[in-house]
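In what follows, a structure is listed as structure tokens, so that the remarks can point back to it.
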Amino acid sequence: MSLRPGTVARVNRLVDRHGRAHRDLRVSLTDRCSLRCTYCMPAEGLPWLPAPDLLTTPELIHLVRLTTTLGIDEVRLTGGEPLLRPDVVSIVAALADAVELSVTTNGLVLDRLAPALRDAGLTRVNISIDTLRRDRFKEMTRRDRLDDVFAGITAATRAGLHPVKLNTVLMRGVNDDEAVDLLRFALDAGVHLRFIEQMPLDAQHGWRRTEMVTADEILSALSDAFTLTPVAGRGSAPAERWYVDGGPETVGVIGSVTRPFCGNCDRLRLTADGQLRTCLFARTETDLRGPLRAGASDRELADLIVTAVLGKQPGHGINDPTFLQPPRSMSAIGG
Ligand code: SAM
Ligand code: SF4
């Protein structure tokens, strides 16, 4: 494990019963969003969390900093759309010295915010883009904002954020003919592209196994235009990577459904309302907000977190016949 300057090596207390040490925390800043991606939420949006239920910024920073004393050293701010949180720049400034910090965003307001986020200490960003075609973007997200995403990608690279990674979900018969174009676009822009298999996490429960575009299909489509060579040493990263035409550029595929990587998972999640989740697909959560507001000590909160990690399931179970989609959808968990 590499340590940043000034970091004190300490024992990771977030080791589960399957020997997995947890280092990566995904923190949802809000469940709200400025887009309505069809594979994520319905056109009318969702019943948003009531404001009093959301962690306040001091509460959020307190809990994240506490997890860093237990073993977390990477934090990704997500949502919903994390850049909708009005004080996102202050949150970045408050956490950037403690952890390796990144943001996953739909990119709509990055054009405006990228320099401020960089100045606050952000170094890396993931931007979601599923199509390069304006009409299609409008259909897929129910908003005519593709130009804002392009501007956001340009602003992120101009601000010197590195790496800039693009996330793409392909849907059969919708945008699965764009795999090659999207990779060409990423290579030209000097950014890294990762395809994510569509997962059963949409609020409408519209996911169908037969409809999802698999990692094999994505790789086959890319192989028609590029020579792909596997990159060794995936570690706990969700993406498998391939060199494109000999490298050094690479493309990633996150095959959560058909190539699960649960055995190496090192991720935990904190929802915007202060619930700790040990898996995207977990059906149980550990309330941290209630005890925090009731005056629990850091030791008591740490015990709750450690106990939750001990109870983490070995895998997501998507491929079990008994699989049940979790009650919270992706945007409410923090993807
Ligand atoms: N709104 C931000 C964004 O879109 O980047 C952050 C939150 S979003 C939930 C994070 C990532 O999850 C995005 O790349 C999005 O495409 C992906 N995502 C959402 N629903 C998904 C699903 N059902 N299966 C796979 N990926 C999904
Ligand atoms: Fe919003 Fe991200 Fe969900 Fe799209 S994927 S609706 S941008 S949270």
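Each chain in the structure tokens gets a letter, A, B, ..., in the order shown, and its residues are numbered from 1; ligands are numbered from 1 in order too.
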
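The residues sitting within 7 Å of ligand 2, with only C-alpha atoms and all ligand atoms considered, come out as Cys33, Ser34, Leu35, Arg36, Cys37, Cys40, Met41, Gly79, Gly80, Glu81, Thr105, Asn106, Thr141 and Ser331 of chain A.
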
Could you pull out the residues in stretch 12-118 of chain A that DSSP calls strand (DSSP E or B) from the backbone, as a PDB file with all heavy atoms, in the first residue's frame?
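Ended up saving to out.pdb:
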ATOM      1  N   VAL A  15     -11.498  -5.104   8.132  1.00  0.00           N
ATOM      2  CA  VAL A  15     -11.289  -6.391   7.461  1.00  0.00           C
ATOM      3  C   VAL A  15     -12.507  -7.270   7.757  1.00  0.00           C
ATOM      4  O   VAL A  15     -12.892  -7.414   8.918  1.00  0.00           O
ATOM      5  CB  VAL A  15     -10.003  -7.077   7.961  1.00  0.00           C
ATOM      6  CG1 VAL A  15      -9.781  -8.395   7.211  1.00  0.00           C
ATOM      7  CG2 VAL A  15      -8.812  -6.147   7.774  1.00  0.00           C
ATOM      8  N   ALA A  21      -9.823  -6.331   3.149  1.00  0.00           N
ATOM      9  CA  ALA A  21      -9.560  -5.078   3.870  1.00  0.00           C
ATOM     10  C   ALA A  21     -10.169  -3.934   3.055  1.00  0.00           C
ATOM     11  O   ALA A  21      -9.905  -3.807   1.861  1.00  0.00           O
ATOM     12  CB  ALA A  21      -8.066  -4.875   4.029  1.00  0.00           C
ATOM     13  N   ASP A  24     -11.759   1.875   0.483  1.00  0.00           N
ATOM     14  CA  ASP A  24     -12.389   2.788  -0.466  1.00  0.00           C
ATOM     15  C   ASP A  24     -13.810   3.085  -0.003  1.00  0.00           C
ATOM     16  O   ASP A  24     -14.599   2.158   0.201  1.00  0.00           O
ATOM     17  CB  ASP A  24     -12.389   2.062  -1.834  1.00  0.00           C
ATOM     18  CG  ASP A  24     -12.947   2.908  -2.954  1.00  0.00           C
ATOM     19  OD1 ASP A  24     -13.858   3.700  -2.705  1.00  0.00           O
ATOM     20  OD2 ASP A  24     -12.482   2.740  -4.086  1.00  0.00           O
ATOM     21  N   LEU A  25     -14.119   4.357   0.187  1.00  0.00           N
ATOM     22  CA  LEU A  25     -15.463   4.747   0.626  1.00  0.00           C
ATOM     23  C   LEU A  25     -16.113   5.622  -0.438  1.00  0.00           C
ATOM     24  O   LEU A  25     -15.534   6.622  -0.864  1.00  0.00           O
ATOM     25  CB  LEU A  25     -15.370   5.527   1.947  1.00  0.00           C
ATOM     26  CG  LEU A  25     -16.692   6.019   2.542  1.00  0.00           C
ATOM     27  CD1 LEU A  25     -17.542   4.844   3.046  1.00  0.00           C
ATOM     28  CD2 LEU A  25     -16.429   7.003   3.688  1.00  0.00           C
ATOM     29  N   ARG A  26     -17.315   5.236  -0.870  1.00  0.00           N
ATOM     30  CA  ARG A  26     -18.108   6.057  -1.793  1.00  0.00           C
ATOM     31  C   ARG A  26     -19.107   6.846  -0.961  1.00  0.00           C
ATOM     32  O   ARG A  26     -19.876   6.242  -0.199  1.00  0.00           O
ATOM     33  CB  ARG A  26     -18.863   5.186  -2.798  1.00  0.00           C
ATOM     34  CG  ARG A  26     -17.999   4.136  -3.482  1.00  0.00           C
ATOM     35  CD  ARG A  26     -17.199   4.772  -4.588  1.00  0.00           C
ATOM     36  NE  ARG A  26     -16.051   3.951  -4.928  1.00  0.00           N
ATOM     37  CZ  ARG A  26     -15.932   3.236  -6.036  1.00  0.00           C
ATOM     38  NH1 ARG A  26     -16.905   3.226  -6.904  1.00  0.00           N
ATOM     39  NH2 ARG A  26     -14.824   2.560  -6.282  1.00  0.00           N
ATOM     40  N   VAL A  27     -19.085   8.151  -1.101  1.00  0.00           N
ATOM     41  CA  VAL A  27     -19.927   8.999  -0.259  1.00  0.00           C
ATOM     42  C   VAL A  27     -20.934   9.736  -1.136  1.00  0.00           C
ATOM     43  O   VAL A  27     -20.547  10.497  -2.030  1.00  0.00           O
ATOM     44  CB  VAL A  27     -19.063  10.031   0.500  1.00  0.00           C
ATOM     45  CG1 VAL A  27     -19.940  10.926   1.368  1.00  0.00           C
ATOM     46  CG2 VAL A  27     -18.015   9.323   1.352  1.00  0.00           C
ATOM     47  N   SER A  28     -22.209   9.505  -0.889  1.00  0.00           N
ATOM     48  CA  SER A  28     -23.233  10.202  -1.661  1.00  0.00           C
ATOM     49  C   SER A  28     -23.498  11.562  -1.023  1.00  0.00           C
ATOM     50  O   SER A  28     -23.811  11.649   0.163  1.00  0.00           O
ATOM     51  CB  SER A  28     -24.519   9.377  -1.689  1.00  0.00           C
ATOM     52  OG  SER A  28     -25.536  10.140  -2.310  1.00  0.00           O
ATOM     53  N   LEU A  29     -23.406  12.623  -1.842  1.00  0.00           N
ATOM     54  CA  LEU A  29     -23.650  13.969  -1.316  1.00  0.00           C
ATOM     55  C   LEU A  29     -25.109  14.366  -1.437  1.00  0.00           C
ATOM     56  O   LEU A  29     -25.556  15.299  -0.774  1.00  0.00           O
ATOM     57  CB  LEU A  29     -22.774  14.991  -2.051  1.00  0.00           C
ATOM     58  CG  LEU A  29     -21.263  14.821  -1.919  1.00  0.00           C
ATOM     59  CD1 LEU A  29     -20.541  16.033  -2.508  1.00  0.00           C
ATOM     60  CD2 LEU A  29     -20.860  14.625  -0.467  1.00  0.00           C
ATOM     61  N   THR A  30     -25.832  13.709  -2.323  1.00  0.00           N
ATOM     62  CA  THR A  30     -27.259  13.983  -2.495  1.00  0.00           C
ATOM     63  C   THR A  30     -27.857  12.863  -3.326  1.00  0.00           C
ATOM     64  O   THR A  30     -27.157  12.237  -4.122  1.00  0.00           O
ATOM     65  CB  THR A  30     -27.499  15.333  -3.213  1.00  0.00           C
ATOM     66  OG1 THR A  30     -28.908  15.475  -3.459  1.00  0.00           O
ATOM     67  CG2 THR A  30     -26.780  15.408  -4.547  1.00  0.00           C
ATOM     68  N   GLU A  74      -9.213   6.085   0.393  1.00  0.00           N
ATOM     69  CA  GLU A  74      -9.709   6.620  -0.881  1.00  0.00           C
ATOM     70  C   GLU A  74     -11.176   6.933  -0.721  1.00  0.00           C
ATOM     71  O   GLU A  74     -11.937   6.087  -0.235  1.00  0.00           O
ATOM     72  CB  GLU A  74      -9.599   5.557  -1.973  1.00  0.00           C
ATOM     73  CG  GLU A  74      -8.290   5.559  -2.702  1.00  0.00           C
ATOM     74  CD  GLU A  74      -8.344   4.577  -3.874  1.00  0.00           C
ATOM     75  OE1 GLU A  74      -9.268   4.694  -4.699  1.00  0.00           O
ATOM     76  OE2 GLU A  74      -7.480   3.706  -3.908  1.00  0.00           O
ATOM     77  N   VAL A  75     -11.576   8.127  -1.135  1.00  0.00           N
ATOM     78  CA  VAL A  75     -12.983   8.516  -1.030  1.00  0.00           C
ATOM     79  C   VAL A  75     -13.447   9.047  -2.376  1.00  0.00           C
ATOM     80  O   VAL A  75     -12.754   9.853  -3.007  1.00  0.00           O
ATOM     81  CB  VAL A  75     -13.177   9.596   0.061  1.00  0.00           C
ATOM     82  CG1 VAL A  75     -14.582  10.187   0.001  1.00  0.00           C
ATOM     83  CG2 VAL A  75     -12.921   9.005   1.444  1.00  0.00           C
ATOM     84  N   ARG A  76     -14.611   8.573  -2.802  1.00  0.00           N
ATOM     85  CA  ARG A  76     -15.202   9.120  -4.025  1.00  0.00           C
ATOM     86  C   ARG A  76     -16.537   9.767  -3.680  1.00  0.00           C
ATOM     87  O   ARG A  76     -17.407   9.136  -3.083  1.00  0.00           O
ATOM     88  CB  ARG A  76     -15.410   8.030  -5.063  1.00  0.00           C
ATOM     89  CG  ARG A  76     -16.111   8.578  -6.295  1.00  0.00           C
ATOM     90  CD  ARG A  76     -16.218   7.588  -7.378  1.00  0.00           C
ATOM     91  NE  ARG A  76     -14.905   7.131  -7.793  1.00  0.00           N
ATOM     92  CZ  ARG A  76     -14.717   6.154  -8.667  1.00  0.00           C
ATOM     93  NH1 ARG A  76     -15.735   5.537  -9.177  1.00  0.00           N
ATOM     94  NH2 ARG A  76     -13.500   5.807  -9.015  1.00  0.00           N
ATOM     95  N   LEU A  77     -16.675  11.033  -4.045  1.00  0.00           N
ATOM     96  CA  LEU A  77     -17.938  11.738  -3.821  1.00  0.00           C
ATOM     97  C   LEU A  77     -18.852  11.471  -5.003  1.00  0.00           C
ATOM     98  O   LEU A  77     -18.445  11.616  -6.157  1.00  0.00           O
ATOM     99  CB  LEU A  77     -17.669  13.240  -3.677  1.00  0.00           C
ATOM    100  CG  LEU A  77     -16.653  13.610  -2.594  1.00  0.00           C
ATOM    101  CD1 LEU A  77     -16.425  15.119  -2.578  1.00  0.00           C
ATOM    102  CD2 LEU A  77     -17.108  13.124  -1.222  1.00  0.00           C
ATOM    103  N   THR A  78     -20.094  11.062  -4.708  1.00  0.00           N
ATOM    104  CA  THR A  78     -20.991  10.684  -5.791  1.00  0.00           C
ATOM    105  C   THR A  78     -22.415  11.025  -5.397  1.00  0.00           C
ATOM    106  O   THR A  78     -22.670  11.835  -4.512  1.00  0.00           O
ATOM    107  CB  THR A  78     -20.768   9.195  -6.151  1.00  0.00           C
ATOM    108  OG1 THR A  78     -21.648   8.837  -7.209  1.00  0.00           O
ATOM    109  CG2 THR A  78     -20.962   8.251  -4.981  1.00  0.00           C
ATOM    110  N   GLY A  79     -23.377  10.406  -6.057  1.00  0.00           N
ATOM    111  CA  GLY A  79     -24.768  10.705  -5.752  1.00  0.00           C
ATOM    112  C   GLY A  79     -25.671   9.728  -6.481  1.00  0.00           C
ATOM    113  O   GLY A  79     -25.244   8.624  -6.797  1.00  0.00           O
ATOM    114  N   GLU A 100      -7.230  10.189  -0.644  1.00  0.00           N
ATOM    115  CA  GLU A 100      -7.186  10.347  -2.089  1.00  0.00           C
ATOM    116  C   GLU A 100      -8.632  10.530  -2.539  1.00  0.00           C
ATOM    117  O   GLU A 100      -9.466   9.649  -2.309  1.00  0.00           O
ATOM    118  CB  GLU A 100      -6.598   9.080  -2.696  1.00  0.00           C
ATOM    119  CG  GLU A 100      -6.365   9.226  -4.130  1.00  0.00           C
ATOM    120  CD  GLU A 100      -5.188   8.370  -4.569  1.00  0.00           C
ATOM    121  OE1 GLU A 100      -4.263   8.120  -3.775  1.00  0.00           O
ATOM    122  OE2 GLU A 100      -5.243   7.963  -5.726  1.00  0.00           O
ATOM    123  N   LEU A 101      -8.918  11.675  -3.122  1.00  0.00           N
ATOM    124  CA  LEU A 101     -10.312  12.060  -3.330  1.00  0.00           C
ATOM    125  C   LEU A 101     -10.657  12.124  -4.810  1.00  0.00           C
ATOM    126  O   LEU A 101      -9.876  12.632  -5.613  1.00  0.00           O
ATOM    127  CB  LEU A 101     -10.491  13.452  -2.706  1.00  0.00           C
ATOM    128  CG  LEU A 101     -11.902  13.955  -2.494  1.00  0.00           C
ATOM    129  CD1 LEU A 101     -12.646  13.065  -1.508  1.00  0.00           C
ATOM    130  CD2 LEU A 101     -11.858  15.384  -1.967  1.00  0.00           C
ATOM    131  N   SER A 102     -11.829  11.608  -5.164  1.00  0.00           N
ATOM    132  CA  SER A 102     -12.295  11.786  -6.539  1.00  0.00           C
ATOM    133  C   SER A 102     -13.793  12.059  -6.511  1.00  0.00           C
ATOM    134  O   SER A 102     -14.441  11.917  -5.468  1.00  0.00           O
ATOM    135  CB  SER A 102     -11.980  10.553  -7.384  1.00  0.00           C
ATOM    136  OG  SER A 102     -12.635   9.436  -6.861  1.00  0.00           O
ATOM    137  N   VAL A 103     -14.313  12.477  -7.659  1.00  0.00           N
ATOM    138  CA  VAL A 103     -15.734  12.787  -7.791  1.00  0.00           C
ATOM    139  C   VAL A 103     -16.261  12.060  -9.012  1.00  0.00           C
ATOM    140  O   VAL A 103     -15.585  12.005 -10.041  1.00  0.00           O
ATOM    141  CB  VAL A 103     -15.945  14.315  -7.967  1.00  0.00           C
ATOM    142  CG1 VAL A 103     -17.385  14.623  -8.348  1.00  0.00           C
ATOM    143  CG2 VAL A 103     -15.570  15.078  -6.706  1.00  0.00           C
ATOM    144  N   THR A 104     -17.462  11.478  -8.907  1.00  0.00           N
ATOM    145  CA  THR A 104     -18.141  10.925 -10.084  1.00  0.00           C
ATOM    146  C   THR A 104     -19.317  11.826 -10.398  1.00  0.00           C
ATOM    147  O   THR A 104     -20.175  12.043  -9.536  1.00  0.00           O
ATOM    148  CB  THR A 104     -18.650   9.496  -9.819  1.00  0.00           C
ATOM    149  OG1 THR A 104     -17.536   8.659  -9.533  1.00  0.00           O
ATOM    150  CG2 THR A 104     -19.353   8.928 -11.051  1.00  0.00           C
ATOM    151  N   THR A 105     -19.363  12.358 -11.608  1.00  0.00           N
ATOM    152  CA  THR A 105     -20.354  13.380 -11.941  1.00  0.00           C
ATOM    153  C   THR A 105     -20.899  13.188 -13.349  1.00  0.00           C
ATOM    154  O   THR A 105     -20.229  12.595 -14.198  1.00  0.00           O
ATOM    155  CB  THR A 105     -19.701  14.785 -11.833  1.00  0.00           C
ATOM    156  OG1 THR A 105     -20.616  15.762 -12.349  1.00  0.00           O
ATOM    157  CG2 THR A 105     -18.390  14.888 -12.603  1.00  0.00           C
TER     158      THR A 105
END

- Item | Contact residues around stretch 92-99 of chain A with only C-alpha atoms at 9 Å, ignoring same-chain residues under 6 positions, as an MDAnalysis selection string | chainID A and resid 4 7 61 64:65 68 72:75 77 117 119:123

- Message: Write out as a ChimeraX atom specification the set of residues from stretch 138-205 of chain A that DSSP, computed on the backbone, places in alpha helix (DSSP H).
- Response: /A:138-141,146-158,179-189

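The protein and nucleic acid residues lying at most 10 Å from A:Arg328 are Leu201, Asp202, Ala203, Leu280, Phe281, Ala282, Arg283, Gln325, Ser331, Ala332, Ile333 and Gly334 of chain A, with only C-alpha atoms considered and sequence neighbours fewer than 3 positions away removed.
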
- Message: So the first atom is atom CA of A:Leu183 and the second is atom CA of A:Leu146; what is the distance between them in Å, to one decimal place?
- Response: 16.9 Å

- Task: Please provide as an NGL selection string all residues within 10 Å of stretch 248-259 of chain A, with the sequence filter that same-chain residues fewer than 5 positions apart are discarded (counting only C-alpha atoms).
- Result: :A and (165-169 or 183 or 186-187 or 190-200 or 209 or 212-216 or 218-219 or 222 or 228-231 or 237-243 or 316-319)

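In this comparison, which uses only C-alpha atoms and all ligand atoms, the residue of A:Gly315, A:Gly263, A:Gly295, A:Gly152 approaching ligand 1 most closely is A:Gly152.
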
- Task: Write out as a list in words the residues lying within 8 Å of A:Ala179, counting only C-alpha atoms and excluding same-chain residues fewer than 2 positions away.
- Result: Leu170, Asn175, Asp176, Asp177, Asp181, Leu182, Leu183, Ile218, Ala221 and Leu222 of chain A

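Proximity of A:Trp48, A:Trp207, A:Phe185, A:Phe150 to ligand 1, computed with only C-alpha atoms and all ligand atoms, is greatest for A:Trp207.
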
- Query: With only C-alpha atoms and all ligand atoms as the atoms that count, which of A:Phe261, A:Phe323, A:Phe137, A:Tyr39 lies nearest to ligand 1?
  - Reply: A:Tyr39

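Separating atom CA of A:Glu139 from atom CA of A:Val174 is a distance of 9.2 Å.
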
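The shortest atom-to-atom distance to ligand 1, with only C-alpha atoms and all ligand atoms taken into account, belongs to A:Arg85 out of A:Arg277, A:Arg85, A:Arg136, A:Arg112.
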
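Shortest atom-to-atom contact with ligand 1 among A:Gly19, A:Gly206, A:Gly173, A:Pro260: A:Gly206, counting only C-alpha atoms and all ligand atoms.
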
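Distance check against ligand 1 using only C-alpha atoms and all ligand atoms: of A:Arg267, A:Arg208, A:Arg134, A:Arg184, the minimum falls on A:Arg208.
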
- Task: Take atom CA of A:Leu63 and atom CA of A:Gln275 and report the distance between them in Å, one decimal.
- Result: 10.7 Å
